[in-house]
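**Student:** Dropping a structure here in structure tokens format, bear with me for questions.
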Amino acid sequence: MHSRSRMDWANIWSSLASHFTIVGLHENQHLAMYAIDSLKQLSIKFLQKEELSNFSFQRLFLKPFEKIMCNSKSTETKDLILRCIEIMIKACANNIHSGWRSIFAIFEVAAYQEAFDIADISFDIIEQLVTYQFHLLI
């Protein structure tokens, strides 16, 4: 990861993002969860790096989470996505810039879920974010 420029990763990411989205929506729950966890690990690596100004790679990188959240019918998958987002915020909040747009889009999707647990988890994460890291959002 350190040997490639961010521009190289941006070109590679279009194929990888599609793959992660397809596998994250797979009917085999174990396969979908493995893909989401792998995406989380990769995302944390990228979020630990400072984002270049006038470049929104974080938003693009987090987009598969958003697409999976929108299209998955599995409550377990949606729960895992929210837990992954929570971990990423705790680990990398100081470096998140354009990624906030995708993160809040995920929260918005979660808020409209029929499963109360999903909306509740989303609200709890937002509440923690506003309470302890509001300065990063403004």
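Each chain in the structure tokens gets a letter, A, B, ..., in the order shown, and its residues are numbered from 1; ligands are numbered from 1 in order too.
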Write out as a count of residues only the set of residues from chain A that DSSP, computed on the backbone, places in alpha helix (DSSP H).
**Tutor:** 102
**Student:** Mind giving me the straight-line distance from CA of Phe116 in chain A to CA of Asn71 in chain A in Å, one decimal?
**Tutor:**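 These two atoms are separated by 17.3 Å.
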**Student:** With a distance cut-off of 12 Å and only C-alpha atoms, select the neighbouring residues of Asn94 in chain A, excluding the residue or stretch itself and same-chain residues fewer than 2 positions from it, and output the selection as a PDB file with all heavy atoms, in the first residue's frame.
**Tutor:**
```pdb
ATOM      1  N   LEU A  47      -7.720   5.326   5.980  1.00  0.00           N
ATOM      2  CA  LEU A  47      -8.139   6.442   6.829  1.00  0.00           C
ATOM      3  C   LEU A  47      -7.030   6.888   7.776  1.00  0.00           C
ATOM      4  O   LEU A  47      -7.066   8.010   8.282  1.00  0.00           O
ATOM      5  CB  LEU A  47      -9.391   6.071   7.624  1.00  0.00           C
ATOM      6  CG  LEU A  47     -10.673   5.935   6.809  1.00  0.00           C
ATOM      7  CD1 LEU A  47     -11.802   5.401   7.678  1.00  0.00           C
ATOM      8  CD2 LEU A  47     -11.066   7.251   6.156  1.00  0.00           C
ATOM      9  N   GLN A  48      -6.051   6.048   8.012  1.00  0.00           N
ATOM     10  CA  GLN A  48      -4.930   6.435   8.859  1.00  0.00           C
ATOM     11  C   GLN A  48      -3.992   7.400   8.150  1.00  0.00           C
ATOM     12  O   GLN A  48      -3.188   8.058   8.792  1.00  0.00           O
ATOM     13  CB  GLN A  48      -4.160   5.190   9.330  1.00  0.00           C
ATOM     14  CG  GLN A  48      -4.921   4.392  10.352  1.00  0.00           C
ATOM     15  CD  GLN A  48      -4.265   3.072  10.704  1.00  0.00           C
ATOM     16  OE1 GLN A  48      -3.473   2.528   9.943  1.00  0.00           O
ATOM     17  NE2 GLN A  48      -4.616   2.552  11.860  1.00  0.00           N
ATOM     18  N   LYS A  49      -4.115   7.494   6.832  1.00  0.00           N
ATOM     19  CA  LYS A  49      -3.315   8.437   6.052  1.00  0.00           C
ATOM     20  C   LYS A  49      -4.083   9.747   5.908  1.00  0.00           C
ATOM     21  O   LYS A  49      -5.304   9.749   5.783  1.00  0.00           O
ATOM     22  CB  LYS A  49      -3.035   7.884   4.652  1.00  0.00           C
ATOM     23  CG  LYS A  49      -2.149   6.694   4.641  1.00  0.00           C
ATOM     24  CD  LYS A  49      -1.917   6.275   3.207  1.00  0.00           C
ATOM     25  CE  LYS A  49      -0.823   5.261   3.136  1.00  0.00           C
ATOM     26  NZ  LYS A  49      -0.302   5.155   1.777  1.00  0.00           N
ATOM     27  N   GLU A  50      -3.371  10.830   5.884  1.00  0.00           N
ATOM     28  CA  GLU A  50      -3.986  12.141   5.685  1.00  0.00           C
ATOM     29  C   GLU A  50      -4.525  12.224   4.260  1.00  0.00           C
ATOM     30  O   GLU A  50      -3.851  11.826   3.309  1.00  0.00           O
ATOM     31  CB  GLU A  50      -2.954  13.250   5.932  1.00  0.00           C
ATOM     32  CG  GLU A  50      -3.530  14.635   5.953  1.00  0.00           C
ATOM     33  CD  GLU A  50      -4.445  14.880   7.151  1.00  0.00           C
ATOM     34  OE1 GLU A  50      -4.187  14.326   8.227  1.00  0.00           O
ATOM     35  OE2 GLU A  50      -5.421  15.623   6.981  1.00  0.00           O
ATOM     36  N   GLU A  51      -5.744  12.725   4.115  1.00  0.00           N
ATOM     37  CA  GLU A  51      -6.323  12.872   2.776  1.00  0.00           C
ATOM     38  C   GLU A  51      -5.754  14.109   2.106  1.00  0.00           C
ATOM     39  O   GLU A  51      -5.608  15.163   2.736  1.00  0.00           O
ATOM     40  CB  GLU A  51      -7.845  12.978   2.855  1.00  0.00           C
ATOM     41  CG  GLU A  51      -8.485  12.993   1.485  1.00  0.00           C
ATOM     42  CD  GLU A  51      -9.992  12.825   1.537  1.00  0.00           C
ATOM     43  OE1 GLU A  51     -10.646  13.559   2.293  1.00  0.00           O
ATOM     44  OE2 GLU A  51     -10.492  11.948   0.831  1.00  0.00           O
ATOM     45  N   MET A  88     -14.092   2.469  12.829  1.00  0.00           N
ATOM     46  CA  MET A  88     -13.307   3.387  11.994  1.00  0.00           C
ATOM     47  C   MET A  88     -13.311   4.800  12.566  1.00  0.00           C
ATOM     48  O   MET A  88     -12.291   5.482  12.554  1.00  0.00           O
ATOM     49  CB  MET A  88     -13.822   3.380  10.552  1.00  0.00           C
ATOM     50  CG  MET A  88     -13.469   2.112   9.815  1.00  0.00           C
ATOM     51  SD  MET A  88     -13.920   2.162   8.078  1.00  0.00           S
ATOM     52  CE  MET A  88     -15.634   1.723   8.166  1.00  0.00           C
ATOM     53  N   ILE A  89     -14.454   5.231  13.080  1.00  0.00           N
ATOM     54  CA  ILE A  89     -14.532   6.564  13.679  1.00  0.00           C
ATOM     55  C   ILE A  89     -13.638   6.629  14.907  1.00  0.00           C
ATOM     56  O   ILE A  89     -12.866   7.580  15.080  1.00  0.00           O
ATOM     57  CB  ILE A  89     -15.989   6.933  14.036  1.00  0.00           C
ATOM     58  CG1 ILE A  89     -16.799   7.173  12.762  1.00  0.00           C
ATOM     59  CG2 ILE A  89     -16.030   8.165  14.938  1.00  0.00           C
ATOM     60  CD1 ILE A  89     -18.298   7.306  12.999  1.00  0.00           C
ATOM     61  N   LYS A  90     -13.710   5.612  15.758  1.00  0.00           N
ATOM     62  CA  LYS A  90     -12.892   5.609  16.971  1.00  0.00           C
ATOM     63  C   LYS A  90     -11.404   5.576  16.650  1.00  0.00           C
ATOM     64  O   LYS A  90     -10.605   6.212  17.329  1.00  0.00           O
ATOM     65  CB  LYS A  90     -13.271   4.441  17.871  1.00  0.00           C
ATOM     66  CG  LYS A  90     -14.605   4.639  18.554  1.00  0.00           C
ATOM     67  CD  LYS A  90     -14.971   3.468  19.435  1.00  0.00           C
ATOM     68  CE  LYS A  90     -16.311   3.734  20.120  1.00  0.00           C
ATOM     69  NZ  LYS A  90     -16.741   2.595  20.940  1.00  0.00           N
ATOM     70  N   ALA A  91     -11.031   4.845  15.611  1.00  0.00           N
ATOM     71  CA  ALA A  91      -9.617   4.684  15.274  1.00  0.00           C
ATOM     72  C   ALA A  91      -9.049   5.830  14.442  1.00  0.00           C
ATOM     73  O   ALA A  91      -7.865   6.143  14.558  1.00  0.00           O
ATOM     74  CB  ALA A  91      -9.413   3.366  14.529  1.00  0.00           C
ATOM     75  N   CYS A  92      -9.876   6.452  13.623  1.00  0.00           N
ATOM     76  CA  CYS A  92      -9.342   7.374  12.615  1.00  0.00           C
ATOM     77  C   CYS A  92     -10.085   8.695  12.500  1.00  0.00           C
ATOM     78  O   CYS A  92      -9.914   9.405  11.504  1.00  0.00           O
ATOM     79  CB  CYS A  92      -9.372   6.695  11.248  1.00  0.00           C
ATOM     80  SG  CYS A  92      -8.600   5.087  11.182  1.00  0.00           S
ATOM     81  N   ILE A  96     -10.453  11.710   9.159  1.00  0.00           N
ATOM     82  CA  ILE A  96     -11.595  11.622   8.249  1.00  0.00           C
ATOM     83  C   ILE A  96     -11.976  13.023   7.774  1.00  0.00           C
ATOM     84  O   ILE A  96     -12.133  13.934   8.579  1.00  0.00           O
ATOM     85  CB  ILE A  96     -12.809  10.936   8.922  1.00  0.00           C
ATOM     86  CG1 ILE A  96     -12.435   9.509   9.343  1.00  0.00           C
ATOM     87  CG2 ILE A  96     -14.004  10.909   7.966  1.00  0.00           C
ATOM     88  CD1 ILE A  96     -13.515   8.800  10.143  1.00  0.00           C
ATOM     89  N   HIS A  97     -12.099  13.161   6.468  1.00  0.00           N
ATOM     90  CA  HIS A  97     -12.500  14.438   5.866  1.00  0.00           C
ATOM     91  C   HIS A  97     -13.674  14.196   4.914  1.00  0.00           C
ATOM     92  O   HIS A  97     -14.812  14.305   5.318  1.00  0.00           O
ATOM     93  CB  HIS A  97     -11.310  15.100   5.160  1.00  0.00           C
ATOM     94  CG  HIS A  97     -10.185  15.406   6.100  1.00  0.00           C
ATOM     95  ND1 HIS A  97     -10.266  16.374   7.078  1.00  0.00           N
ATOM     96  CD2 HIS A  97      -8.963  14.838   6.253  1.00  0.00           C
ATOM     97  CE1 HIS A  97      -9.143  16.410   7.780  1.00  0.00           C
ATOM     98  NE2 HIS A  97      -8.333  15.476   7.295  1.00  0.00           N
ATOM     99  N   SER A  98     -13.391  13.816   3.679  1.00  0.00           N
ATOM    100  CA  SER A  98     -14.484  13.575   2.730  1.00  0.00           C
ATOM    101  C   SER A  98     -15.285  12.329   3.096  1.00  0.00           C
ATOM    102  O   SER A  98     -16.411  12.166   2.644  1.00  0.00           O
ATOM    103  CB  SER A  98     -13.941  13.449   1.308  1.00  0.00           C
ATOM    104  OG  SER A  98     -13.183  12.256   1.152  1.00  0.00           O
ATOM    105  N   GLY A  99     -14.734  11.465   3.929  1.00  0.00           N
ATOM    106  CA  GLY A  99     -15.417  10.247   4.337  1.00  0.00           C
ATOM    107  C   GLY A  99     -16.656  10.491   5.170  1.00  0.00           C
ATOM    108  O   GLY A  99     -17.543   9.638   5.236  1.00  0.00           O
ATOM    109  N   TRP A 100     -16.744  11.667   5.818  1.00  0.00           N
ATOM    110  CA  TRP A 100     -17.926  11.962   6.637  1.00  0.00           C
ATOM    111  C   TRP A 100     -19.197  11.919   5.806  1.00  0.00           C
ATOM    112  O   TRP A 100     -20.246  11.515   6.298  1.00  0.00           O
ATOM    113  CB  TRP A 100     -17.802  13.320   7.325  1.00  0.00           C
ATOM    114  CG  TRP A 100     -16.795  13.344   8.432  1.00  0.00           C
ATOM    115  CD1 TRP A 100     -15.690  14.140   8.507  1.00  0.00           C
ATOM    116  CD2 TRP A 100     -16.793  12.561   9.639  1.00  0.00           C
ATOM    117  NE1 TRP A 100     -15.000  13.888   9.673  1.00  0.00           N
ATOM    118  CE2 TRP A 100     -15.663  12.927  10.393  1.00  0.00           C
ATOM    119  CE3 TRP A 100     -17.641  11.579  10.152  1.00  0.00           C
ATOM    120  CZ2 TRP A 100     -15.357  12.348  11.621  1.00  0.00           C
ATOM    121  CZ3 TRP A 100     -17.340  11.001  11.377  1.00  0.00           C
ATOM    122  CH2 TRP A 100     -16.218  11.385  12.094  1.00  0.00           C
ATOM    123  N   LEU A 129     -20.453  10.571  18.720  1.00  0.00           N
ATOM    124  CA  LEU A 129     -19.684  11.441  17.838  1.00  0.00           C
ATOM    125  C   LEU A 129     -19.913  12.910  18.184  1.00  0.00           C
ATOM    126  O   LEU A 129     -18.964  13.691  18.310  1.00  0.00           O
ATOM    127  CB  LEU A 129     -20.076  11.165  16.381  1.00  0.00           C
ATOM    128  CG  LEU A 129     -19.279  11.787  15.274  1.00  0.00           C
ATOM    129  CD1 LEU A 129     -17.810  11.447  15.372  1.00  0.00           C
ATOM    130  CD2 LEU A 129     -19.824  11.314  13.931  1.00  0.00           C
ATOM    131  N   TYR A 132     -18.388  13.646  21.849  1.00  0.00           N
ATOM    132  CA  TYR A 132     -16.941  13.612  22.073  1.00  0.00           C
ATOM    133  C   TYR A 132     -16.082  14.120  20.939  1.00  0.00           C
ATOM    134  O   TYR A 132     -14.908  14.427  21.156  1.00  0.00           O
ATOM    135  CB  TYR A 132     -16.510  12.176  22.423  1.00  0.00           C
ATOM    136  CG  TYR A 132     -17.157  11.683  23.701  1.00  0.00           C
ATOM    137  CD1 TYR A 132     -18.162  10.719  23.637  1.00  0.00           C
ATOM    138  CD2 TYR A 132     -16.796  12.202  24.928  1.00  0.00           C
ATOM    139  CE1 TYR A 132     -18.773  10.274  24.798  1.00  0.00           C
ATOM    140  CE2 TYR A 132     -17.414  11.767  26.095  1.00  0.00           C
ATOM    141  CZ  TYR A 132     -18.395  10.798  26.023  1.00  0.00           C
ATOM    142  OH  TYR A 132     -18.993  10.370  27.162  1.00  0.00           O
ATOM    143  N   GLN A 133     -16.635  14.194  19.726  1.00  0.00           N
ATOM    144  CA  GLN A 133     -15.797  14.581  18.590  1.00  0.00           C
ATOM    145  C   GLN A 133     -16.487  15.584  17.669  1.00  0.00           C
ATOM    146  O   GLN A 133     -16.194  15.643  16.487  1.00  0.00           O
ATOM    147  CB  GLN A 133     -15.394  13.322  17.807  1.00  0.00           C
ATOM    148  CG  GLN A 133     -14.527  12.400  18.644  1.00  0.00           C
ATOM    149  CD  GLN A 133     -14.356  11.035  18.026  1.00  0.00           C
ATOM    150  OE1 GLN A 133     -15.297  10.436  17.531  1.00  0.00           O
ATOM    151  NE2 GLN A 133     -13.135  10.544  18.054  1.00  0.00           N
ATOM    152  N   PHE A 134     -17.349  16.371  18.224  1.00  0.00           N
ATOM    153  CA  PHE A 134     -18.095  17.346  17.419  1.00  0.00           C
ATOM    154  C   PHE A 134     -17.174  18.298  16.663  1.00  0.00           C
ATOM    155  O   PHE A 134     -17.462  18.676  15.532  1.00  0.00           O
ATOM    156  CB  PHE A 134     -19.057  18.139  18.318  1.00  0.00           C
ATOM    157  CG  PHE A 134     -19.938  19.075  17.547  1.00  0.00           C
ATOM    158  CD1 PHE A 134     -20.964  18.597  16.766  1.00  0.00           C
ATOM    159  CD2 PHE A 134     -19.734  20.450  17.604  1.00  0.00           C
ATOM    160  CE1 PHE A 134     -21.787  19.456  16.053  1.00  0.00           C
ATOM    161  CE2 PHE A 134     -20.540  21.312  16.897  1.00  0.00           C
ATOM    162  CZ  PHE A 134     -21.572  20.816  16.102  1.00  0.00           C
ATOM    163  N   HIS A 135     -16.063  18.656  17.269  1.00  0.00           N
ATOM    164  CA  HIS A 135     -15.121  19.590  16.643  1.00  0.00           C
ATOM    165  C   HIS A 135     -14.606  19.074  15.287  1.00  0.00           C
ATOM    166  O   HIS A 135     -14.201  19.866  14.431  1.00  0.00           O
ATOM    167  CB  HIS A 135     -13.940  19.877  17.565  1.00  0.00           C
ATOM    168  CG  HIS A 135     -13.093  18.675  17.872  1.00  0.00           C
ATOM    169  ND1 HIS A 135     -13.468  17.703  18.774  1.00  0.00           N
ATOM    170  CD2 HIS A 135     -11.908  18.283  17.351  1.00  0.00           C
ATOM    171  CE1 HIS A 135     -12.548  16.766  18.822  1.00  0.00           C
ATOM    172  NE2 HIS A 135     -11.595  17.090  17.971  1.00  0.00           N
ATOM    173  N   LEU A 136     -14.653  17.776  15.064  1.00  0.00           N
ATOM    174  CA  LEU A 136     -14.199  17.206  13.794  1.00  0.00           C
ATOM    175  C   LEU A 136     -15.240  17.349  12.697  1.00  0.00           C
ATOM    176  O   LEU A 136     -14.924  17.217  11.518  1.00  0.00           O
ATOM    177  CB  LEU A 136     -13.855  15.732  13.973  1.00  0.00           C
ATOM    178  CG  LEU A 136     -12.731  15.430  14.957  1.00  0.00           C
ATOM    179  CD1 LEU A 136     -12.600  13.923  15.160  1.00  0.00           C
ATOM    180  CD2 LEU A 136     -11.412  16.030  14.487  1.00  0.00           C
ATOM    181  N   LEU A 137     -16.473  17.630  13.076  1.00  0.00           N
ATOM    182  CA  LEU A 137     -17.564  17.679  12.110  1.00  0.00           C
ATOM    183  C   LEU A 137     -17.815  19.078  11.558  1.00  0.00           C
ATOM    184  O   LEU A 137     -18.516  19.222  10.573  1.00  0.00           O
ATOM    185  CB  LEU A 137     -18.852  17.157  12.746  1.00  0.00           C
ATOM    186  CG  LEU A 137     -18.782  15.736  13.307  1.00  0.00           C
ATOM    187  CD1 LEU A 137     -20.091  15.407  14.016  1.00  0.00           C
ATOM    188  CD2 LEU A 137     -18.482  14.742  12.207  1.00  0.00           C
TER     189      LEU A 137
END
```
**Student:** Just checking: using only C-alpha atoms, which residue out of A:Ile44, A:Met69, A:Ile138, A:Ala93 ends up closest to Glu108 in chain A?
**Tutor:**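 Among the listed residues, the smallest separation from Glu108 in chain A belongs to A:Met69.
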**Student:** Using only C-alpha atoms, which protein or nucleic acid residues come within 10 Å of Met7 in chain A? Drop anything in the same chain fewer than 4 positions from it, and give the result as an MDAnalysis selection string.
**Tutor:** chainID A and resid 11:13 55 57
**Student:** Write a file of the just-selected residues containing all heavy atoms, as a PDB file, in the first residue's frame.
**Tutor:**
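Result went into out19.pdb, see below:
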```pdb
ATOM      1  N   ASN A  11      -7.439   4.482  -9.199  1.00  0.00           N
ATOM      2  CA  ASN A  11      -7.732   3.741 -10.427  1.00  0.00           C
ATOM      3  C   ASN A  11      -8.060   2.275 -10.133  1.00  0.00           C
ATOM      4  O   ASN A  11      -8.967   1.703 -10.732  1.00  0.00           O
ATOM      5  CB  ASN A  11      -6.546   3.823 -11.390  1.00  0.00           C
ATOM      6  CG  ASN A  11      -6.347   5.224 -11.919  1.00  0.00           C
ATOM      7  OD1 ASN A  11      -7.291   5.988 -12.042  1.00  0.00           O
ATOM      8  ND2 ASN A  11      -5.113   5.571 -12.219  1.00  0.00           N
ATOM      9  N   ILE A  12      -7.338   1.688  -9.214  1.00  0.00           N
ATOM     10  CA  ILE A  12      -7.562   0.295  -8.837  1.00  0.00           C
ATOM     11  C   ILE A  12      -8.889   0.144  -8.095  1.00  0.00           C
ATOM     12  O   ILE A  12      -9.588  -0.861  -8.221  1.00  0.00           O
ATOM     13  CB  ILE A  12      -6.390  -0.207  -7.959  1.00  0.00           C
ATOM     14  CG1 ILE A  12      -5.100  -0.262  -8.761  1.00  0.00           C
ATOM     15  CG2 ILE A  12      -6.705  -1.568  -7.341  1.00  0.00           C
ATOM     16  CD1 ILE A  12      -3.852  -0.469  -7.923  1.00  0.00           C
ATOM     17  N   TRP A  13      -9.238   1.185  -7.317  1.00  0.00           N
ATOM     18  CA  TRP A  13     -10.374   1.077  -6.418  1.00  0.00           C
ATOM     19  C   TRP A  13     -11.704   0.856  -7.128  1.00  0.00           C
ATOM     20  O   TRP A  13     -12.583   0.193  -6.596  1.00  0.00           O
ATOM     21  CB  TRP A  13     -10.465   2.287  -5.495  1.00  0.00           C
ATOM     22  CG  TRP A  13     -11.542   2.088  -4.485  1.00  0.00           C
ATOM     23  CD1 TRP A  13     -12.690   2.792  -4.353  1.00  0.00           C
ATOM     24  CD2 TRP A  13     -11.603   1.050  -3.505  1.00  0.00           C
ATOM     25  NE1 TRP A  13     -13.465   2.272  -3.332  1.00  0.00           N
ATOM     26  CE2 TRP A  13     -12.801   1.195  -2.802  1.00  0.00           C
ATOM     27  CE3 TRP A  13     -10.757   0.002  -3.149  1.00  0.00           C
ATOM     28  CZ2 TRP A  13     -13.182   0.344  -1.777  1.00  0.00           C
ATOM     29  CZ3 TRP A  13     -11.133  -0.839  -2.126  1.00  0.00           C
ATOM     30  CH2 TRP A  13     -12.333  -0.659  -1.450  1.00  0.00           C
ATOM     31  N   PHE A  55      -9.261  16.269  -2.865  1.00  0.00           N
ATOM     32  CA  PHE A  55      -9.343  14.880  -3.298  1.00  0.00           C
ATOM     33  C   PHE A  55     -10.284  14.167  -2.353  1.00  0.00           C
ATOM     34  O   PHE A  55     -10.144  14.274  -1.145  1.00  0.00           O
ATOM     35  CB  PHE A  55      -7.944  14.246  -3.268  1.00  0.00           C
ATOM     36  CG  PHE A  55      -7.859  12.960  -4.032  1.00  0.00           C
ATOM     37  CD1 PHE A  55      -7.997  12.928  -5.412  1.00  0.00           C
ATOM     38  CD2 PHE A  55      -7.626  11.774  -3.368  1.00  0.00           C
ATOM     39  CE1 PHE A  55      -7.915  11.743  -6.114  1.00  0.00           C
ATOM     40  CE2 PHE A  55      -7.539  10.577  -4.065  1.00  0.00           C
ATOM     41  CZ  PHE A  55      -7.675  10.562  -5.431  1.00  0.00           C
ATOM     42  N   PHE A  57     -11.019  10.791  -1.952  1.00  0.00           N
ATOM     43  CA  PHE A  57     -10.852   9.345  -2.026  1.00  0.00           C
ATOM     44  C   PHE A  57     -11.523   8.637  -0.855  1.00  0.00           C
ATOM     45  O   PHE A  57     -12.050   7.540  -1.012  1.00  0.00           O
ATOM     46  CB  PHE A  57      -9.363   8.997  -2.085  1.00  0.00           C
ATOM     47  CG  PHE A  57      -9.112   7.552  -2.379  1.00  0.00           C
ATOM     48  CD1 PHE A  57      -9.607   6.964  -3.534  1.00  0.00           C
ATOM     49  CD2 PHE A  57      -8.394   6.770  -1.503  1.00  0.00           C
ATOM     50  CE1 PHE A  57      -9.390   5.623  -3.804  1.00  0.00           C
ATOM     51  CE2 PHE A  57      -8.168   5.429  -1.773  1.00  0.00           C
ATOM     52  CZ  PHE A  57      -8.661   4.862  -2.916  1.00  0.00           C
TER      53      PHE A  57
END
```
**Student:** From the list A:Thr75, A:Lys45, A:Glu86, A:Ile81, which residue is nearest Asp117 in chain A when using only C-alpha atoms?
**Tutor:**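 Of all the options, A:Thr75 lies closest to Asp117 in chain A.
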**Student:** Which is closest to Ile118 in chain A among A:Gln58, A:Thr131, A:Thr77, A:Asn95, if we use only C-alpha atoms?
**Tutor:**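 The shortest atom-to-atom distance to Ile118 in chain A comes from A:Thr77.
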**Student:** As an exercise, work out the distance from CA of Glu27 in chain A to CA of Phe104 in chain A in Å and give it to one decimal place.
**Tutor:** 25.8 Å
**Student:** Quick one: of A:Gln128, A:Ile68, A:Met33, A:Leu60, who's nearest to Ser15 in chain A, counting only C-alpha atoms?
**Tutor:**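 When distances to Ser15 in chain A are compared using only C-alpha atoms, the smallest one comes from A:Leu60.
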**Student:** Considering only C-alpha atoms, return as a list in words whatever protein or nucleic-acid residues lie within 8 Å of range 16-22 of chain A, sequence-local ones (same chain, fewer than 3 positions apart) excluded.
**Tutor:**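 With the cut-off at 8 Å, the set is Ile12, Trp13, Leu25, His26, Ala35, Ile36, Leu39, Phe61, Lys63, Pro64, Phe65, Lys67 and Ile68 of chain A.
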**Student:** Keeping only N, CA, C and O atoms, write those residues as an mmCIF file, in the first residue's frame.
**Tutor:**
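Writing done, so here's part23.cif:
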```cif
data_model
loop_
_atom_site.group_PDB
_atom_site.id
_atom_site.type_symbol
_atom_site.label_atom_id
_atom_site.label_comp_id
_atom_site.auth_asym_id
_atom_site.auth_seq_id
_atom_site.Cartn_x
_atom_site.Cartn_y
_atom_site.Cartn_z
ATOM 1 N N ILE A 12 -7.338 1.688 -9.214
ATOM 2 C CA ILE A 12 -7.562 0.295 -8.837
ATOM 3 C C ILE A 12 -8.889 0.144 -8.095
ATOM 4 O O ILE A 12 -9.588 -0.861 -8.221
ATOM 5 N N TRP A 13 -9.238 1.185 -7.317
ATOM 6 C CA TRP A 13 -10.374 1.077 -6.418
ATOM 7 C C TRP A 13 -11.704 0.856 -7.128
ATOM 8 O O TRP A 13 -12.583 0.193 -6.596
ATOM 9 N N LEU A 25 -23.057 -8.130 -0.577
ATOM 10 C CA LEU A 25 -24.497 -8.362 -0.743
ATOM 11 C C LEU A 25 -24.820 -9.830 -1.020
ATOM 12 O O LEU A 25 -25.976 -10.168 -1.272
ATOM 13 N N HIS A 26 -23.821 -10.676 -0.961
ATOM 14 C CA HIS A 26 -24.007 -12.097 -1.266
ATOM 15 C C HIS A 26 -24.995 -12.727 -0.290
ATOM 16 O O HIS A 26 -25.073 -12.348 0.876
ATOM 17 N N ALA A 35 -16.363 -10.226 3.654
ATOM 18 C CA ALA A 35 -16.053 -9.131 2.725
ATOM 19 C C ALA A 35 -16.147 -7.780 3.429
ATOM 20 O O ALA A 35 -15.283 -6.914 3.238
ATOM 21 N N ILE A 36 -17.164 -7.594 4.249
ATOM 22 C CA ILE A 36 -17.339 -6.327 4.963
ATOM 23 C C ILE A 36 -16.214 -6.116 5.966
ATOM 24 O O ILE A 36 -15.665 -5.013 6.081
ATOM 25 N N LEU A 39 -13.142 -5.175 4.059
ATOM 26 C CA LEU A 39 -13.285 -3.787 3.623
ATOM 27 C C LEU A 39 -12.992 -2.828 4.769
ATOM 28 O O LEU A 39 -12.335 -1.809 4.589
ATOM 29 N N PHE A 61 -13.910 5.510 -1.112
ATOM 30 C CA PHE A 61 -13.486 4.286 -0.460
ATOM 31 C C PHE A 61 -14.574 3.728 0.451
ATOM 32 O O PHE A 61 -14.712 2.510 0.587
ATOM 33 N N LYS A 63 -17.812 4.230 -0.001
ATOM 34 C CA LYS A 63 -19.045 4.071 -0.769
ATOM 35 C C LYS A 63 -19.585 2.635 -0.779
ATOM 36 O O LYS A 63 -20.806 2.441 -0.713
ATOM 37 N N PRO A 64 -18.733 1.587 -0.852
ATOM 38 C CA PRO A 64 -19.292 0.236 -0.808
ATOM 39 C C PRO A 64 -20.087 -0.055 0.465
ATOM 40 O O PRO A 64 -21.107 -0.741 0.416
ATOM 41 N N PHE A 65 -19.652 0.489 1.602
ATOM 42 C CA PHE A 65 -20.426 0.325 2.829
ATOM 43 C C PHE A 65 -21.826 0.907 2.644
ATOM 44 O O PHE A 65 -22.822 0.314 3.044
ATOM 45 N N LYS A 67 -23.472 1.421 -0.229
ATOM 46 C CA LYS A 67 -24.257 0.640 -1.192
ATOM 47 C C LYS A 67 -24.765 -0.659 -0.569
ATOM 48 O O LYS A 67 -25.909 -1.056 -0.800
ATOM 49 N N ILE A 68 -23.912 -1.301 0.220
ATOM 50 C CA ILE A 68 -24.335 -2.539 0.877
ATOM 51 C C ILE A 68 -25.441 -2.231 1.883
ATOM 52 O O ILE A 68 -26.441 -2.942 1.962
#
```
**Student:** Work out how far apart CA of His30 in chain A and CA of Lys78 in chain A are and give it in Å to one decimal.
**Tutor:**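 One can read the CA of His30 in chain A to CA of Lys78 in chain A distance as 13.4 Å.
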